[in-house]
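Source file: run19.tsv (TSV, C-alpha atoms)
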chain	number	residue	atom	x	y	z
I	269	MET	CA	70.49	57.22	-80.43
I	270	PHE	CA	70.54	54.69	-77.58
I	271	LYS	CA	73.73	54.23	-75.59
I	272	HIS	CA	74.19	51.95	-72.59
I	273	GLY	CA	75.27	53.55	-69.33
I	274	LYS	CA	77.99	52.22	-67.07
I	275	LYS	CA	77.00	48.92	-65.54
I	276	ASP	CA	79.79	48.24	-63.07
I	277	VAL	CA	81.55	51.24	-61.66
I	278	GLN	CA	85.28	50.83	-61.29
I	279	LYS	CA	86.60	52.92	-58.42
I	280	THR	CA	89.80	54.87	-58.96
I	281	LEU	CA	92.32	56.46	-56.65
I	282	PHE	CA	90.82	59.84	-57.44
I	283	ASP	CA	87.20	59.14	-56.53
I	284	GLN	CA	85.86	61.42	-53.84
I	285	ASP	CA	85.10	58.62	-51.40
I	286	GLN	CA	88.72	57.43	-51.49
I	287	SER	CA	89.64	60.44	-49.35
I	288	PHE	CA	86.91	59.79	-46.76
I	289	PRO	CA	88.00	58.61	-43.31
I	290	GLY	CA	87.24	54.96	-42.57
I	291	TYR	CA	84.33	55.68	-40.24
I	292	VAL	CA	82.67	57.85	-42.93
I	293	MET	CA	83.04	55.04	-45.49
I	294	ASP	CA	81.49	52.66	-42.95
I	295	MET	CA	78.52	55.03	-42.57
I	296	LEU	CA	78.19	55.27	-46.37
I	297	GLN	CA	78.29	51.51	-46.80
I	298	LYS	CA	75.68	51.05	-44.07
I	299	SER	CA	73.39	53.71	-45.55
I	300	TRP	CA	70.55	53.25	-48.02
I	301	ALA	CA	72.90	54.29	-50.84
I	302	ASP	CA	74.97	51.11	-50.82
I	303	ASP	CA	71.88	48.87	-50.76
I	304	PHE	CA	70.28	50.92	-53.53
I	305	TYR	CA	73.36	50.56	-55.73
I	306	ARG	CA	73.75	46.83	-55.14
I	307	PHE	CA	70.13	45.68	-55.18
I	308	ILE	CA	68.34	48.18	-57.42
I	309	PHE	CA	70.64	50.26	-59.61
I	310	SER	CA	72.84	47.37	-60.72
I	311	GLN	CA	69.73	45.37	-61.70
I	312	ILE	CA	68.21	47.97	-64.05
I	313	ASN	CA	67.95	46.51	-67.55
I	314	GLU	CA	68.65	49.43	-69.87
I	315	GLU	CA	67.98	47.40	-72.99
I	316	ARG	CA	64.25	47.49	-72.21
I	317	PHE	CA	64.32	51.27	-72.72
I	318	SER	CA	66.16	51.26	-76.06
I	319	VAL	CA	62.81	51.46	-77.91
I	320	LEU	CA	62.42	55.01	-76.59
I	321	TYR	CA	65.33	56.24	-78.70
I	322	SER	CA	65.93	56.66	-82.41
I	323	ASP	CA	68.19	54.34	-84.41
I	324	LYS	CA	69.47	57.32	-86.38
I	325	ALA	CA	72.84	58.83	-85.59
I	326	SER	CA	72.20	61.61	-83.10
I	327	ARG	CA	73.28	62.82	-79.70
I	328	PRO	CA	73.31	59.82	-77.35
I	329	ASN	CA	70.95	59.59	-74.41
I	330	LYS	CA	71.87	60.14	-70.80
I	331	PRO	CA	72.41	56.80	-69.04
I	332	VAL	CA	69.00	55.19	-68.67
I	333	ASN	CA	69.99	53.36	-65.49
I	334	VAL	CA	70.75	56.75	-63.89
I	335	LEU	CA	67.43	58.22	-65.05
I	336	VAL	CA	65.41	55.25	-63.83
I	337	GLY	CA	67.37	55.21	-60.57
I	338	LEU	CA	66.66	58.90	-60.06
I	339	LEU	CA	62.94	58.41	-60.63
I	340	ILE	CA	62.91	55.57	-58.08
I	341	LEU	CA	64.77	57.74	-55.55
I	342	LYS	CA	62.35	60.61	-56.22
I	343	MET	CA	59.39	58.40	-55.37
I	344	GLU	CA	61.13	56.77	-52.40
I	345	HIS	CA	62.09	60.08	-50.82
I	346	ALA	CA	58.90	61.91	-51.90
I	347	ILE	CA	60.75	64.93	-53.29
I	348	SER	CA	60.28	67.26	-56.26
I	349	ASP	CA	62.40	67.14	-59.42
I	350	GLU	CA	64.28	70.25	-58.28
I	351	GLU	CA	65.03	68.72	-54.87
I	352	LEU	CA	66.11	65.51	-56.59
I	353	ILE	CA	68.60	67.31	-58.84
I	354	GLY	CA	69.86	69.29	-55.85
I	355	SER	CA	70.36	66.05	-53.93
I	356	LEU	CA	72.17	64.54	-56.90
I	357	TYR	CA	74.64	67.42	-57.01
I	358	PHE	CA	75.08	68.07	-53.28
I	359	ASP	CA	74.48	64.75	-51.49
I	360	TYR	CA	77.20	62.20	-52.14
I	361	ARG	CA	74.87	59.35	-51.14
I	362	TYR	CA	72.83	59.96	-54.30
I	363	GLN	CA	75.96	59.94	-56.46
I	364	TYR	CA	77.17	56.77	-54.76
I	365	ALA	CA	73.76	55.07	-55.15
I	366	LEU	CA	73.80	55.85	-58.88
I	367	GLY	CA	77.42	54.87	-59.44
I	368	LEU	CA	78.42	58.40	-60.40
I	369	ASP	CA	81.77	60.04	-59.88
I	370	ALA	CA	81.61	63.63	-58.65
I	371	ASN	CA	84.19	64.61	-61.29
I	372	ASP	CA	82.37	62.99	-64.22
I	373	ASN	CA	80.59	65.84	-66.00
I	374	ASP	CA	79.24	63.62	-68.81
I	375	ASP	CA	76.50	62.24	-66.57
I	376	ARG	CA	75.28	65.60	-65.25
I	377	LEU	CA	71.62	66.26	-65.88
I	378	CYS	CA	68.95	68.86	-65.34
I	379	VAL	CA	65.27	68.87	-64.46
I	380	ASN	CA	64.29	68.92	-68.16
I	381	THR	CA	66.15	65.65	-68.76
I	382	LEU	CA	63.94	63.93	-66.21
I	383	SER	CA	60.79	65.53	-67.62
I	384	ASN	CA	61.67	64.54	-71.18
I	385	PHE	CA	62.40	60.96	-70.09
I	386	ARG	CA	59.01	60.72	-68.34
I	387	VAL	CA	57.29	62.09	-71.47
I	388	ARG	CA	59.00	59.42	-73.60
I	389	LEU	CA	57.86	56.73	-71.18
I	390	VAL	CA	54.25	57.95	-71.19
I	391	GLU	CA	54.15	58.33	-74.98
I	392	TYR	CA	55.53	54.84	-75.46
I	393	GLU	CA	53.08	53.32	-73.00

When written as structure tokens, how does the structure in this file appear?
Amino acid sequence: MFKHGKKDVQKTLFDQDQSFPGYVMDMLQKSWADDFYRFIFSQINEERFSVLYSDKASRPNKPVNVLVGLLILKMEHAISDEELIGSLYFDYRYQYALGLDANDNDDRLCVNTLSNFRVRLVEYE
């Protein structure tokens, strides 16, 4: 079952970056993560990937924009799937670039999620 991911991320008072000192936020906003979020992640058209999922009622997919964003970051940084997932969990720049909140457990994924998504893409192609 296809479900759209979050398009625009609304920041709350409880987001991790709200507790960062100003100079750290400046570094984050000047890093690759802010540009990635604004120019790449926010432009991913999830609707194009809806054909990969069943119309039947079933468990919904992980956000496609996050999966596509992760695969782009994997290629850009030339890292393995395991390193990518580690970076997602431990490097806040990856979470920021993908519009994820560190406390949001619904969007957590594993290496198999990425592999299964790639298989769906290849089979469809």

Proximity of stretch 279-351 of chain I to stretch 372-391 of chain I: per-residue shortest pair, 12 Å limit, only C-alpha atoms, as a tab-separated table:
residue	atom	partner	partner_atom	distance
I:Phe282	CA	I:Asp372	CA	11.3
I:Asp283	CA	I:Asp372	CA	9.9
I:Gln284	CA	I:Asp372	CA	11.1
I:Arg316	CA	I:Leu389	CA	11.3
I:Phe317	CA	I:Leu389	CA	8.6
I:Ser318	CA	I:Leu389	CA	11.1
I:Val319	CA	I:Arg388	CA	9.8
I:Leu320	CA	I:Arg388	CA	6.3
I:Tyr321	CA	I:Arg388	CA	8.7
I:Ser322	CA	I:Arg388	CA	11.5
I:Pro328	CA	I:Asp374	CA	11.1
I:Asn329	CA	I:Thr381	CA	9.6
I:Lys330	CA	I:Asp375	CA	6.6
I:Pro331	CA	I:Asp375	CA	7.2
I:Val332	CA	I:Phe385	CA	8.9
I:Asn333	CA	I:Asp375	CA	11.1
I:Val334	CA	I:Asp375	CA	8.4
I:Leu335	CA	I:Leu382	CA	6.8
I:Val336	CA	I:Phe385	CA	9.0
I:Gly337	CA	I:Leu382	CA	10.9
I:Leu338	CA	I:Leu382	CA	8.4
I:Leu339	CA	I:Leu382	CA	7.9
I:Ile340	CA	I:Leu382	CA	11.7
I:Lys342	CA	I:Leu382	CA	10.6
I:Ser348	CA	I:Val379	CA	9.7
I:Asp349	CA	I:Val379	CA	6.1
I:Glu350	CA	I:Val379	CA	6.4
I:Glu351	CA	I:Val379	CA	9.6

Excluding I:Tyr362 and any residue of its chain fewer than 4 positions from it, enumerate the residues within 10 Å of it, using all atoms listed in the file, and give them as a list in words.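 Selected residues are Trp300, Ala301, Asp302, Phe304, Tyr305, Gly337, Leu338, Leu341, Leu352, Ile353, Gly354, Ser355, Leu356, Tyr357, Phe358, Leu366, Gly367 and Leu368 of chain I.
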
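Interatomic distance, atom CA of I:Val292 against atom CA of I:Ile312: 27.4 Å.
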
So the first atom is atom CA of I:Arg361 and the second is atom CA of I:Glu315; what is the distance between them in Å, to one decimal place?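 Atom-to-atom, atom CA of I:Arg361 and atom CA of I:Glu315 are spaced 25.8 Å apart.
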
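When atom CA of I:Met343 is paired with atom CA of I:Met295, their separation reads 23.3 Å.
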
Determine the axis-aligned bounding box of all atoms of stretch 304-317 of chain I present in the file, pad each side by 5 Å, and express its centre and edge lengths in Å to one decimal place as JSON.
{"center_x": 69.0, "center_y": 48.3, "center_z": -63.3, "size_x": 19.5, "size_y": 15.9, "size_z": 29.5}
